[in-house]
Amino acid sequence: MGMTEKIDENDLRIIEMLTKNARISLREIAAVVNLSPSSIRNRMERLVNLGVIKRYTLELDHRKLGYEVQVVVLITSKPGESDSLYRTLSTYTEISKVLRTSGPANFICMAQVKDITRLAKFITNELEKLPLIERIETMFILPYDDGEEDSH
């Protein structure tokens, strides 16, 4: 974003509303921000063009899709291999997010698999065989009680 492009309070309110619900209608935003729906659309397009809004996305409940095991995988690459490893990790369907980090691990990955057997196979048959990896640590993501009845 250039120094001449200003993000004002209305833009911030639009961003806040979209962050809470990316499917909110232009009319609903317009009612809160006190602008016309066409003005909201224009502002949203400008925010996209500026790179402030990178994409509209959704949040999945992987467990409801049958992916019972969700893990955070900390991965340390061999020296000089982080670019190649990032590209490789991004190709696995089990991995939904790859974050490049500083510190002891080069990457934090979010991964989902059907069950513990599939996790073991993914780690031993896939990740551990990558020559770019020096160290792997996994942490299970525990479900929390969100007030809904367990469907199992």
# chains A, B, ... in the order shown; residues from 1 in each chain; ligands from 1
>>> residues_around(residues="Leu74 in chain A", least_positions_apart="5", cutoff="10 Å", atoms="only C-alpha atoms", output="MDAnalysis selection string")
chainID A and resid 98:99 101 104:110 135:139
>>> select_by_dssp(residues="range 20-140 of chain A", states="helix (DSSP H, G or I)", output="ChimeraX atom specification")
/A:20,26-33,37-49,62-65,82-89,116-129
>>> write_last_selection(atoms="N, CA and C atoms", output="short mmCIF file (atom, residue, chain, number, x, y, z; two decimals), in the first residue's frame")
data_model
loop_
_atom_site.label_atom_id
_atom_site.label_comp_id
_atom_site.auth_asym_id
_atom_site.auth_seq_id
_atom_site.Cartn_x
_atom_site.Cartn_y
_atom_site.Cartn_z
N LYS A 20 -15.54 -10.91 10.70
CA LYS A 20 -16.48 -11.69 11.50
C LYS A 20 -17.37 -12.57 10.62
N LEU A 26 -23.76 -6.62 1.31
CA LEU A 26 -23.40 -5.20 1.18
C LEU A 26 -24.41 -4.32 1.91
N ARG A 27 -25.68 -4.70 1.85
CA ARG A 27 -26.73 -3.92 2.53
C ARG A 27 -26.52 -3.91 4.05
N GLU A 28 -26.16 -5.08 4.60
CA GLU A 28 -25.95 -5.14 6.05
C GLU A 28 -24.77 -4.26 6.46
N ILE A 29 -23.69 -4.31 5.68
CA ILE A 29 -22.53 -3.46 5.98
C ILE A 29 -22.92 -1.99 5.83
N ALA A 30 -23.63 -1.68 4.76
CA ALA A 30 -24.03 -0.30 4.49
C ALA A 30 -24.87 0.27 5.63
N ALA A 31 -25.74 -0.54 6.20
CA ALA A 31 -26.60 -0.08 7.29
C ALA A 31 -25.78 0.31 8.52
N VAL A 32 -24.73 -0.42 8.79
CA VAL A 32 -23.90 -0.14 9.96
C VAL A 32 -22.96 1.03 9.70
N VAL A 33 -22.38 1.06 8.51
CA VAL A 33 -21.36 2.07 8.18
C VAL A 33 -22.00 3.39 7.70
N PRO A 37 -24.77 0.70 -0.49
CA PRO A 37 -24.17 -0.58 -0.86
C PRO A 37 -23.14 -0.45 -1.99
N SER A 38 -23.39 0.43 -2.96
CA SER A 38 -22.43 0.60 -4.05
C SER A 38 -21.12 1.21 -3.54
N SER A 39 -21.22 2.11 -2.58
CA SER A 39 -20.02 2.69 -1.97
C SER A 39 -19.24 1.62 -1.20
N ILE A 40 -19.96 0.74 -0.52
CA ILE A 40 -19.31 -0.37 0.20
C ILE A 40 -18.58 -1.26 -0.80
N ARG A 41 -19.25 -1.61 -1.91
CA ARG A 41 -18.63 -2.44 -2.94
C ARG A 41 -17.36 -1.79 -3.48
N ASN A 42 -17.43 -0.49 -3.76
CA ASN A 42 -16.26 0.24 -4.27
C ASN A 42 -15.12 0.23 -3.26
N ARG A 43 -15.44 0.42 -2.00
CA ARG A 43 -14.40 0.39 -0.96
C ARG A 43 -13.79 -1.01 -0.84
N MET A 44 -14.62 -2.03 -0.91
CA MET A 44 -14.11 -3.39 -0.83
C MET A 44 -13.19 -3.70 -2.01
N GLU A 45 -13.58 -3.28 -3.20
CA GLU A 45 -12.74 -3.48 -4.38
C GLU A 45 -11.41 -2.74 -4.24
N ARG A 46 -11.46 -1.53 -3.69
CA ARG A 46 -10.23 -0.76 -3.46
C ARG A 46 -9.33 -1.47 -2.46
N LEU A 47 -9.93 -2.01 -1.39
CA LEU A 47 -9.14 -2.73 -0.39
C LEU A 47 -8.50 -3.99 -0.99
N VAL A 48 -9.20 -4.64 -1.91
CA VAL A 48 -8.63 -5.79 -2.61
C VAL A 48 -7.48 -5.33 -3.50
N ASN A 49 -7.71 -4.28 -4.28
CA ASN A 49 -6.67 -3.76 -5.18
C ASN A 49 -5.43 -3.29 -4.44
N HIS A 62 -13.12 -29.44 10.33
CA HIS A 62 -12.55 -30.64 9.71
C HIS A 62 -13.10 -31.92 10.34
N ARG A 63 -13.41 -31.88 11.61
CA ARG A 63 -13.94 -33.08 12.27
C ARG A 63 -15.30 -33.47 11.67
N LYS A 64 -16.12 -32.50 11.33
CA LYS A 64 -17.42 -32.81 10.73
C LYS A 64 -17.28 -33.34 9.32
N LEU A 65 -16.10 -33.16 8.72
CA LEU A 65 -15.81 -33.72 7.40
C LEU A 65 -15.11 -35.07 7.50
N SER A 82 14.84 -24.08 3.13
CA SER A 82 13.49 -23.65 3.52
C SER A 82 12.60 -23.29 2.33
N ASP A 83 13.13 -22.68 1.29
CA ASP A 83 12.30 -22.34 0.13
C ASP A 83 11.75 -23.59 -0.54
N SER A 84 12.63 -24.55 -0.77
CA SER A 84 12.20 -25.81 -1.40
C SER A 84 11.21 -26.55 -0.53
N LEU A 85 11.49 -26.58 0.78
CA LEU A 85 10.61 -27.29 1.69
C LEU A 85 9.24 -26.64 1.75
N TYR A 86 9.19 -25.32 1.75
CA TYR A 86 7.90 -24.61 1.75
C TYR A 86 7.06 -25.05 0.56
N ARG A 87 7.66 -25.06 -0.61
CA ARG A 87 6.93 -25.47 -1.82
C ARG A 87 6.45 -26.91 -1.71
N THR A 88 7.28 -27.79 -1.17
CA THR A 88 6.92 -29.20 -1.03
C THR A 88 5.78 -29.38 -0.03
N LEU A 89 5.89 -28.75 1.13
CA LEU A 89 4.86 -28.89 2.16
C LEU A 89 3.51 -28.38 1.66
N ILE A 116 -5.62 -41.68 13.55
CA ILE A 116 -4.24 -41.74 14.03
C ILE A 116 -3.37 -42.62 13.13
N THR A 117 -3.94 -43.66 12.55
CA THR A 117 -3.19 -44.52 11.64
C THR A 117 -2.74 -43.72 10.42
N ARG A 118 -3.62 -42.91 9.88
CA ARG A 118 -3.27 -42.09 8.72
C ARG A 118 -2.22 -41.05 9.10
N LEU A 119 -2.29 -40.51 10.32
CA LEU A 119 -1.27 -39.57 10.76
C LEU A 119 0.09 -40.24 10.82
N ALA A 120 0.14 -41.43 11.39
CA ALA A 120 1.41 -42.15 11.48
C ALA A 120 1.97 -42.43 10.09
N LYS A 121 1.12 -42.83 9.16
CA LYS A 121 1.58 -43.07 7.79
C LYS A 121 2.07 -41.79 7.13
N PHE A 122 1.35 -40.70 7.34
CA PHE A 122 1.73 -39.44 6.73
C PHE A 122 3.11 -39.00 7.25
N ILE A 123 3.32 -39.11 8.55
CA ILE A 123 4.60 -38.68 9.11
C ILE A 123 5.73 -39.62 8.67
N THR A 124 5.53 -40.92 8.82
CA THR A 124 6.63 -41.85 8.53
C THR A 124 6.85 -42.11 7.04
N ASN A 125 5.78 -42.16 6.27
CA ASN A 125 5.92 -42.47 4.84
C ASN A 125 6.09 -41.24 3.95
N GLU A 126 5.75 -40.08 4.47
CA GLU A 126 5.85 -38.86 3.67
C GLU A 126 6.89 -37.89 4.24
N LEU A 127 6.57 -37.31 5.38
CA LEU A 127 7.42 -36.24 5.91
C LEU A 127 8.82 -36.72 6.28
N GLU A 128 8.91 -37.83 7.01
CA GLU A 128 10.23 -38.30 7.44
C GLU A 128 11.13 -38.70 6.28
N LYS A 129 10.55 -38.96 5.13
CA LYS A 129 11.35 -39.35 3.97
C LYS A 129 11.85 -38.16 3.15
#
>>> closest_residue(among="A:Lys78, A:Lys97, A:Arg13, A:Lys6", to="Leu50 in chain A", atoms="only C-alpha atoms")
A:Lys6
>>> atom_distance(atom1="CA of Ser77 in chain A", atom2="CA of Ile133 in chain A")
4.5 Å
>>> residues_around(residues="Glu94 in chain A", least_positions_apart="6", cutoff="7 Å", atoms="only C-alpha atoms", output="MDAnalysis selection string")
chainID A and resid 111:113
